[in-house]
Amino acid sequence: MATVGLACARLCVGLLRGHTAPCLRPVRAFSAMTAAQIDEEVAKLLQLKAQLGGDDGKHVFVLKTAKGTRDYNPKQMAIREKVFNTIISCFKRHGAETIDTPVFELKETLTGKYGEDSKLIYDLKDQGGELLSLRYDLTVPFARYLAMNKITNIKRYHIAKVYRRDNPAMTRGRYREFYQCDFDIAGQYDPMIPDAECLKIVYEILSELDLGDFRIKVNDRRILDGMFAVCGVPDEKFRTICSTVDKLDKAPWEDVKNEMVNEKGLSEEVADQIGEYVSMQGGMDLAERLLQDPKLSQSKQACAGLADMKQLFSYLQLFQVTDKVMFDLSLARGLDYYTGVIYEAVLCQTLQAPVVAEQNGAVPGDEANVSVGSVAGGGRYDGLVGMFDPKGKKVPCVGVSIGIERIFSLMEQKAELSAEKVRTTETQVLVASAQKNLLEERLKLTSELWNAGIKAEVLYKKNPKLLTQLQHCEESGIPLVAILGEQELKDGVVKLRTVASREEVDVSREQLVEELKRRTSELP
């Protein structure tokens, strides 16, 4: 099979380059291709040839990560861990507890929950009679968890990987495997109070991470549906038109309108009416104005959504976050399960392409700036839990998901541009020796420090040079060195050295742990 494939690859390369072959001539379609297109196709076929095997018939293994995935080195993981800690700290500050769910679910659990995005779900092969899929997000598994365990009240966070069979854009921080950081409030509460807290959480996290200026767009599915109704969109097309409107953050209005008219079957008049509404942005004043709109005020669900929007902004004023929140009628969010308020946070800056690893298609040396896009999103989904409950019992829910990968790409960029060294370990002290034959003493002291809760290291050599040990501290960012020597052992002391200032002081063995804890508590 590989031999046949290799022969086909060689033949196609020859045809694309205009070579003749026995009984064959270049196909006319090839002659219409540009030189760049031919080069691109040749590159693809040469890659196929490499995968099938070389001229000697041996299979050539291509060592790389799967498309849409990446590895993270220790420096990148240190940055990622810092971001996670900031997010988890915020979630806990707001009283959330955490859960975990399986990485795959029954296929029927995920089916019909994501609208047009359902095609992006990874389906797994039949496993002993169960049709399974990798989770697309953390929200649907959360709703299944609530229904299955008959939970009607919980404030939870969940940080885990999800999977989407999307076209990855590595330079934008968009992958096929990525983490989501979700915060959700489930339960029957007075309107807009939990919703306002979710927006406050987004505000706190983005402010604390210091990613630059940002905006949080808010809208309401009831307002959108009411708008579609008064504009003349047929009921059965609400969801598909909603998915089209959702593309306005990536495409100009003319392209969106063209899809509505030519692909979704709306009239130009209806599309133009939608266009007038989706261009509107504002705050509480816009909600008040739309409540007086001659057409929109005829829709009961739109009026209910606008009244809640006014209430939401009143709470956001109390939370002191209205400087970053904007009522935007173009915000749609294409997922089918949203029933009320929806929101999305975007950064007002760009990301340089080389920041993201060059593996999987990133072009080395390409300094083009690209838009980061949404870094958080969420909304209210009051009907999702009821879809899993045998009696259809609903549990009102609202939540937000933080787009950790895009945030991480920005944090990585900041680290690259900054002269600040990123530490990849948390070691507080290196146990070193000034003379030979002191390995046993170094190991004994290291064990004492570990037992006392001190983060300590020792080099894995019997007789390392003192200079080598000190250089290791400087390279790794270890702030302190506990130096043992023959004289120190006789005197019952340890020479404690501060790496940054090179200051040294003798400390008794009995006082060493206490002194180390005091010094490390003062470190930044």
# chains A, B, ... in the order shown; residues from 1 in each chain; ligands from 1

call {"tool": "select_by_dssp", "arguments": {"residues": "stretch 177-252 of chain A", "states": "helix (DSSP H, G or I)", "output": "PyMOL selection string"}}
result
chain A and resi 193-209+221-231+235-249

call {"tool": "select_by_dssp", "arguments": {"residues": "stretch 292-480 of chain A", "states": "strand (DSSP E or B)", "output": "VMD selection string"}}
result
chain A and resid 325 to 328 341 to 347 350 to 352 369 to 371 374 to 380 397 to 402 429 to 433 456 to 457 480

call {"tool": "write_last_selection", "arguments": {"atoms": "N, CA, C and O atoms", "output": "compact mmCIF listing (two decimals), in the first residue's frame"}}
result
# COMPACT_ATOMS: atom_id res chain seq x y z
N VAL A 325 -17.85 47.89 30.74
CA VAL A 325 -18.98 47.08 30.23
C VAL A 325 -19.81 47.89 29.23
O VAL A 325 -20.09 49.06 29.46
N MET A 326 -20.18 47.23 28.13
CA MET A 326 -20.90 47.90 27.05
C MET A 326 -22.04 47.03 26.56
O MET A 326 -21.85 45.84 26.28
N PHE A 327 -23.24 47.60 26.49
CA PHE A 327 -24.41 46.93 25.92
C PHE A 327 -24.25 46.98 24.40
O PHE A 327 -24.26 48.05 23.80
N ASP A 328 -24.07 45.82 23.77
CA ASP A 328 -23.76 45.74 22.33
C ASP A 328 -24.75 44.78 21.67
O ASP A 328 -24.71 43.57 21.91
N VAL A 341 -29.16 36.74 29.51
CA VAL A 341 -27.99 37.61 29.35
C VAL A 341 -26.81 36.81 28.79
O VAL A 341 -26.58 35.66 29.16
N ILE A 342 -26.09 37.42 27.84
CA ILE A 342 -24.85 36.84 27.30
C ILE A 342 -23.78 37.93 27.36
O ILE A 342 -24.08 39.12 27.33
N TYR A 343 -22.53 37.51 27.44
CA TYR A 343 -21.45 38.50 27.51
C TYR A 343 -20.15 37.91 26.96
O TYR A 343 -19.97 36.68 26.88
N GLU A 344 -19.26 38.80 26.60
CA GLU A 344 -17.99 38.41 26.01
C GLU A 344 -16.97 39.52 26.28
O GLU A 344 -17.27 40.70 26.11
N ALA A 345 -15.77 39.14 26.70
CA ALA A 345 -14.70 40.11 26.97
C ALA A 345 -13.67 40.06 25.85
O ALA A 345 -13.25 38.98 25.43
N VAL A 346 -13.29 41.23 25.36
CA VAL A 346 -12.29 41.32 24.30
C VAL A 346 -11.20 42.30 24.73
O VAL A 346 -11.47 43.28 25.41
N LEU A 347 -9.97 42.00 24.32
CA LEU A 347 -8.84 42.89 24.61
C LEU A 347 -8.69 43.92 23.50
O LEU A 347 -8.87 43.61 22.32
N THR A 350 -3.36 43.96 20.11
CA THR A 350 -3.03 42.87 19.20
C THR A 350 -1.91 42.02 19.78
O THR A 350 -1.27 42.38 20.75
N LEU A 351 -1.70 40.88 19.14
CA LEU A 351 -0.71 39.90 19.58
C LEU A 351 0.25 39.62 18.44
O LEU A 351 -0.17 39.42 17.32
N GLN A 352 1.57 39.63 18.72
CA GLN A 352 2.55 39.34 17.68
C GLN A 352 2.64 37.86 17.41
O GLN A 352 2.73 37.05 18.33
N ASN A 369 1.07 41.61 13.36
CA ASN A 369 0.20 41.65 14.53
C ASN A 369 -1.15 41.03 14.18
O ASN A 369 -1.70 41.28 13.11
N VAL A 370 -1.69 40.25 15.07
CA VAL A 370 -2.99 39.64 14.85
C VAL A 370 -3.89 39.92 16.04
O VAL A 370 -3.42 40.06 17.17
N SER A 371 -5.18 40.01 15.80
CA SER A 371 -6.13 40.28 16.87
C SER A 371 -6.27 39.04 17.75
O SER A 371 -6.34 37.93 17.27
N SER A 374 -11.78 37.19 21.54
CA SER A 374 -12.44 37.05 22.84
C SER A 374 -11.54 36.30 23.83
O SER A 374 -10.90 35.32 23.49
N VAL A 375 -11.49 36.80 25.07
CA VAL A 375 -10.70 36.13 26.12
C VAL A 375 -11.60 35.61 27.25
O VAL A 375 -11.11 34.99 28.19
N ALA A 376 -12.89 35.88 27.17
CA ALA A 376 -13.84 35.35 28.15
C ALA A 376 -15.24 35.48 27.57
O ALA A 376 -15.51 36.38 26.78
N GLY A 377 -16.12 34.59 27.97
CA GLY A 377 -17.49 34.66 27.48
C GLY A 377 -18.40 33.79 28.32
O GLY A 377 -17.95 32.90 29.05
N GLY A 378 -19.69 34.07 28.24
CA GLY A 378 -20.63 33.27 29.00
C GLY A 378 -22.03 33.83 28.90
O GLY A 378 -22.34 34.62 28.02
N GLY A 379 -22.88 33.42 29.85
CA GLY A 379 -24.25 33.89 29.82
C GLY A 379 -25.15 33.01 30.67
O GLY A 379 -24.70 32.12 31.39
N ARG A 380 -26.45 33.27 30.55
CA ARG A 380 -27.46 32.55 31.31
C ARG A 380 -28.04 31.41 30.47
O ARG A 380 -28.36 31.61 29.30
N CYS A 397 -29.20 28.69 35.63
CA CYS A 397 -27.74 28.76 35.73
C CYS A 397 -27.21 29.97 34.97
O CYS A 397 -27.77 30.38 33.95
N VAL A 398 -26.12 30.52 35.46
CA VAL A 398 -25.40 31.56 34.74
C VAL A 398 -23.91 31.35 35.01
O VAL A 398 -23.54 30.91 36.10
N GLY A 399 -23.08 31.61 34.01
CA GLY A 399 -21.66 31.36 34.21
C GLY A 399 -20.79 32.07 33.21
O GLY A 399 -21.28 32.72 32.28
N VAL A 400 -19.48 31.93 33.42
CA VAL A 400 -18.51 32.54 32.54
C VAL A 400 -17.33 31.59 32.35
O VAL A 400 -17.00 30.82 33.25
N SER A 401 -16.74 31.64 31.16
CA SER A 401 -15.57 30.82 30.85
C SER A 401 -14.42 31.74 30.45
O SER A 401 -14.59 32.60 29.58
N ILE A 402 -13.27 31.55 31.08
CA ILE A 402 -12.09 32.37 30.79
C ILE A 402 -11.26 31.66 29.73
O ILE A 402 -10.91 30.49 29.88
N VAL A 429 16.68 27.35 48.75
CA VAL A 429 18.08 27.28 49.19
C VAL A 429 18.77 26.07 48.56
O VAL A 429 18.16 25.01 48.41
N LEU A 430 20.01 26.25 48.15
CA LEU A 430 20.85 25.15 47.67
C LEU A 430 21.82 24.79 48.79
O LEU A 430 22.49 25.66 49.36
N VAL A 431 21.90 23.51 49.13
CA VAL A 431 22.88 23.04 50.11
C VAL A 431 24.17 22.71 49.37
O VAL A 431 24.19 21.79 48.54
N ALA A 432 25.22 23.46 49.66
CA ALA A 432 26.48 23.33 48.93
C ALA A 432 27.62 22.98 49.88
O ALA A 432 27.48 23.06 51.11
N SER A 433 28.76 22.58 49.31
CA SER A 433 29.94 22.28 50.12
C SER A 433 31.15 23.01 49.54
O SER A 433 31.24 23.21 48.32
N ALA A 456 14.42 22.90 49.19
CA ALA A 456 15.88 22.84 49.08
C ALA A 456 16.31 21.90 47.97
O ALA A 456 15.60 20.99 47.57
N GLU A 457 17.53 22.16 47.46
CA GLU A 457 18.14 21.33 46.42
C GLU A 457 19.57 21.00 46.80
O GLU A 457 20.19 21.70 47.60
N LEU A 480 19.20 31.67 48.03
CA LEU A 480 20.09 31.43 49.17
C LEU A 480 20.93 30.16 48.98
O LEU A 480 20.48 29.22 48.32

call {"tool": "residues_around", "arguments": {"residues": "A:Met77", "least_positions_apart": "2", "cutoff": "12 Å", "atoms": "only C-alpha atoms", "output": "list in words"}}
result
Asp71, Tyr72, Asn73, Pro74, Lys75, Ile79, Arg80, Glu81, Lys82, Val83, Phe84, Glu405, Phe408, Ser409, Met411, Glu412, Val422, Arg423, Thr424 and Thr425 of chain A

call {"tool": "write_last_selection", "arguments": {"atoms": "C-alpha atoms", "output": "short mmCIF file (atom, residue, chain, number, x, y, z; two decimals), in the first residue's frame"}}
result
data_model
loop_
_atom_site.label_atom_id
_atom_site.label_comp_id
_atom_site.auth_asym_id
_atom_site.auth_seq_id
_atom_site.Cartn_x
_atom_site.Cartn_y
_atom_site.Cartn_z
CA ASP A 71 4.04 21.44 24.11
CA TYR A 72 4.87 23.82 26.95
CA ASN A 73 8.42 24.20 28.27
CA PRO A 74 9.17 24.89 31.97
CA LYS A 75 9.27 28.67 31.46
CA ILE A 79 3.76 31.63 33.39
CA ARG A 80 0.69 29.42 32.90
CA GLU A 81 0.71 28.39 36.57
CA LYS A 82 0.81 32.05 37.61
CA VAL A 83 -2.25 32.76 35.44
CA PHE A 84 -4.10 29.74 36.86
CA GLU A 405 -4.93 29.98 25.97
CA PHE A 408 -1.47 32.81 28.14
CA SER A 409 -0.26 33.87 24.68
CA MET A 411 1.41 36.73 29.12
CA GLU A 412 4.09 34.84 27.20
CA VAL A 422 11.01 33.81 34.80
CA ARG A 423 11.78 31.27 37.52
CA THR A 424 10.76 27.71 36.66
CA THR A 425 11.36 26.27 40.15
#

call {"tool": "atom_distance", "arguments": {"atom1": "atom CA of A:Ile151", "atom2": "atom CA of A:Gly187"}}
result
8.9 Å

call {"tool": "atom_distance", "arguments": {"atom1": "atom CA of A:Asp246", "atom2": "atom CA of A:Leu331"}}
result
6.2 Å

call {"tool": "closest_residue", "arguments": {"among": "A:Thr244, A:Asn463, A:Gln428, A:Asn262", "to": "A:Ile478", "atoms": "only C-alpha atoms"}}
result
A:Gln428

call {"tool": "atom_distance", "arguments": {"atom1": "atom CA of A:Met260", "atom2": "atom CA of A:Thr139"}}
result
28.8 Å

call {"tool": "residues_around", "arguments": {"residues": "A:Ala482", "least_positions_apart": "3", "cutoff": "10 Å", "atoms": "only C-alpha atoms", "output": "number ranges by chain"}}
result
A: 429-433, 442, 445-446, 456, 493-498, 504-507, 512, 516

call {"tool": "write_last_selection", "arguments": {"atoms": "C-alpha atoms", "output": "PDB file, in the first residue's frame"}}
result
ATOM      1  CA  VAL A 429      18.076  27.278  49.187  1.00  0.00           C
ATOM      2  CA  LEU A 430      20.851  25.152  47.674  1.00  0.00           C
ATOM      3  CA  VAL A 431      22.876  23.036  50.113  1.00  0.00           C
ATOM      4  CA  ALA A 432      26.481  23.332  48.929  1.00  0.00           C
ATOM      5  CA  SER A 433      29.943  22.282  50.122  1.00  0.00           C
ATOM      6  CA  ARG A 442      25.042  17.800  52.408  1.00  0.00           C
ATOM      7  CA  LEU A 445      21.261  18.808  55.955  1.00  0.00           C
ATOM      8  CA  THR A 446      19.068  18.732  52.826  1.00  0.00           C
ATOM      9  CA  ALA A 456      15.882  22.836  49.084  1.00  0.00           C
ATOM     10  CA  VAL A 493      27.388  26.413  62.001  1.00  0.00           C
ATOM     11  CA  VAL A 494      26.349  26.825  58.352  1.00  0.00           C
ATOM     12  CA  LYS A 495      27.563  29.658  56.143  1.00  0.00           C
ATOM     13  CA  LEU A 496      24.409  31.250  54.700  1.00  0.00           C
ATOM     14  CA  ARG A 497      25.023  33.183  51.489  1.00  0.00           C
ATOM     15  CA  THR A 498      22.600  35.579  49.777  1.00  0.00           C
ATOM     16  CA  GLU A 504      27.655  35.672  53.876  1.00  0.00           C
ATOM     17  CA  VAL A 505      26.867  35.079  57.554  1.00  0.00           C
ATOM     18  CA  ASP A 506      27.428  32.138  59.921  1.00  0.00           C
ATOM     19  CA  VAL A 507      24.223  30.654  61.373  1.00  0.00           C
ATOM     20  CA  LEU A 512      19.168  27.602  60.471  1.00  0.00           C
ATOM     21  CA  LEU A 516      15.724  30.437  56.399  1.00  0.00           C
TER      22      LEU A 516
END

call {"tool": "residues_around", "arguments": {"residues": "A:Thr468", "least_positions_apart": "6", "cutoff": "12 Å", "atoms": "only C-alpha atoms", "output": "ChimeraX atom specification"}}
result
/A:430,432-434,458-461,474-475

call {"tool": "closest_residue", "arguments": {"among": "A:Ile205, A:Met227, A:Val162, A:Leu266", "to": "A:Val278", "atoms": "only C-alpha atoms"}}
result
A:Met227

call {"tool": "residues_around", "arguments": {"residues": "A:Phe91", "least_positions_apart": "4", "cutoff": "8 Å", "atoms": "only C-alpha atoms", "output": "list in words"}}
result
Ile87, Gly95, Ala96, Tyr157, Phe183 and Ile201 of chain A

call {"tool": "closest_residue", "arguments": {"among": "A:Thr427, A:Leu131, A:Val321, A:Ala307", "to": "A:Gln292", "atoms": "only C-alpha atoms"}}
result
A:Ala307

call {"tool": "closest_residue", "arguments": {"among": "A:Glu288, A:Lys49, A:Leu484, A:Val233", "to": "A:Gln273", "atoms": "only C-alpha atoms"}}
result
A:Val233

call {"tool": "closest_residue", "arguments": {"among": "A:Asp293, A:Glu197, A:Asp190, A:Asp336", "to": "A:Ile241", "atoms": "only C-alpha atoms"}}
result
A:Asp336

call {"tool": "residues_around", "arguments": {"residues": "stretch 177-181 of chain A", "least_positions_apart": "3", "cutoff": "7 Å", "atoms": "only C-alpha atoms", "output": "ChimeraX atom specification"}}
result
/A:68-69,158-164,401-405

call {"tool": "write_last_selection", "arguments": {"atoms": "all heavy atoms", "output": "short mmCIF file (atom, residue, chain, number, x, y, z; two decimals), in the first residue's frame"}}
result
data_model
loop_
_atom_site.label_atom_id
_atom_site.label_comp_id
_atom_site.auth_asym_id
_atom_site.auth_seq_id
_atom_site.Cartn_x
_atom_site.Cartn_y
_atom_site.Cartn_z
N GLY A 68 -2.97 21.59 15.90
CA GLY A 68 -3.82 22.27 16.86
C GLY A 68 -3.46 22.02 18.31
O GLY A 68 -4.22 22.38 19.21
N THR A 69 -2.30 21.39 18.55
CA THR A 69 -1.82 21.16 19.92
C THR A 69 -0.40 21.68 20.03
O THR A 69 0.25 21.96 19.02
CB THR A 69 -1.85 19.67 20.29
OG1 THR A 69 -0.89 18.97 19.46
CG2 THR A 69 -3.22 19.07 20.09
N HIS A 158 -14.47 25.11 37.57
CA HIS A 158 -13.92 23.89 36.97
C HIS A 158 -12.87 24.32 35.95
O HIS A 158 -13.16 25.13 35.06
CB HIS A 158 -15.04 23.10 36.28
CG HIS A 158 -14.63 21.74 35.81
ND1 HIS A 158 -15.44 20.93 35.04
CD2 HIS A 158 -13.48 21.03 35.99
CE1 HIS A 158 -14.81 19.80 34.77
NE2 HIS A 158 -13.62 19.84 35.35
N ILE A 159 -11.66 23.80 36.10
CA ILE A 159 -10.57 24.09 35.16
C ILE A 159 -10.11 22.78 34.57
O ILE A 159 -9.64 21.89 35.28
CB ILE A 159 -9.41 24.82 35.86
CG1 ILE A 159 -9.89 26.19 36.38
CG2 ILE A 159 -8.22 25.00 34.92
CD1 ILE A 159 -8.84 26.97 37.13
N ALA A 160 -10.26 22.63 33.25
CA ALA A 160 -9.91 21.36 32.59
C ALA A 160 -9.79 21.57 31.08
O ALA A 160 -10.16 22.62 30.55
CB ALA A 160 -10.97 20.31 32.90
N LYS A 161 -9.27 20.54 30.40
CA LYS A 161 -9.09 20.63 28.95
C LYS A 161 -10.38 20.26 28.22
O LYS A 161 -11.13 19.39 28.66
CB LYS A 161 -7.97 19.69 28.51
CG LYS A 161 -6.57 20.21 28.83
CD LYS A 161 -5.50 19.30 28.27
CE LYS A 161 -4.11 19.88 28.52
NZ LYS A 161 -3.04 19.04 27.96
N VAL A 162 -10.60 20.93 27.10
CA VAL A 162 -11.71 20.62 26.20
C VAL A 162 -11.15 20.47 24.79
O VAL A 162 -10.00 20.85 24.51
CB VAL A 162 -12.81 21.71 26.24
CG1 VAL A 162 -13.40 21.81 27.63
CG2 VAL A 162 -12.27 23.06 25.78
N TYR A 163 -11.99 19.95 23.87
CA TYR A 163 -11.49 19.58 22.54
C TYR A 163 -12.46 20.03 21.45
O TYR A 163 -13.67 19.81 21.57
CB TYR A 163 -11.28 18.06 22.47
CG TYR A 163 -10.27 17.60 23.49
CD1 TYR A 163 -10.67 17.32 24.81
CD2 TYR A 163 -8.93 17.49 23.17
CE1 TYR A 163 -9.75 16.94 25.76
CE2 TYR A 163 -8.00 17.11 24.13
CZ TYR A 163 -8.42 16.83 25.41
OH TYR A 163 -7.50 16.47 26.37
N ARG A 164 -11.92 20.66 20.40
CA ARG A 164 -12.75 21.12 19.30
C ARG A 164 -12.05 20.86 17.97
O ARG A 164 -10.89 21.22 17.79
CB ARG A 164 -13.06 22.62 19.44
CG ARG A 164 -13.85 22.91 20.69
CD ARG A 164 -14.28 24.34 20.83
NE ARG A 164 -14.96 24.54 22.10
CZ ARG A 164 -15.44 25.70 22.53
NH1 ARG A 164 -15.32 26.78 21.79
NH2 ARG A 164 -16.06 25.77 23.70
N SER A 401 -16.74 31.64 31.16
CA SER A 401 -15.57 30.82 30.85
C SER A 401 -14.42 31.74 30.45
O SER A 401 -14.59 32.60 29.58
CB SER A 401 -15.89 29.85 29.71
OG SER A 401 -14.77 29.04 29.41
N ILE A 402 -13.27 31.55 31.08
CA ILE A 402 -12.09 32.37 30.79
C ILE A 402 -11.26 31.66 29.73
O ILE A 402 -10.91 30.49 29.88
CB ILE A 402 -11.24 32.59 32.06
CG1 ILE A 402 -12.10 33.14 33.21
CG2 ILE A 402 -10.08 33.52 31.76
CD1 ILE A 402 -12.71 34.48 32.96
N GLY A 403 -10.93 32.36 28.65
CA GLY A 403 -10.12 31.78 27.56
C GLY A 403 -8.64 31.80 27.89
O GLY A 403 -7.91 32.70 27.51
N ILE A 404 -8.23 30.78 28.62
CA ILE A 404 -6.88 30.76 29.19
C ILE A 404 -5.78 30.76 28.12
O ILE A 404 -4.72 31.36 28.31
CB ILE A 404 -6.72 29.54 30.14
CG1 ILE A 404 -5.40 29.60 30.91
CG2 ILE A 404 -6.83 28.24 29.38
CD1 ILE A 404 -5.34 30.70 31.91
N GLU A 405 -5.99 30.09 26.97
CA GLU A 405 -4.93 29.98 25.97
C GLU A 405 -4.58 31.35 25.38
O GLU A 405 -3.40 31.67 25.17
CB GLU A 405 -5.33 29.02 24.86
CG GLU A 405 -5.71 27.62 25.34
CD GLU A 405 -4.58 26.88 26.04
OE1 GLU A 405 -3.41 27.29 25.89
OE2 GLU A 405 -4.87 25.89 26.73
#

call {"tool": "closest_residue", "arguments": {"among": "A:Arg135, A:Lys107, A:Lys421, A:Lys64", "to": "A:Ala78", "atoms": "only C-alpha atoms"}}
result
A:Lys421
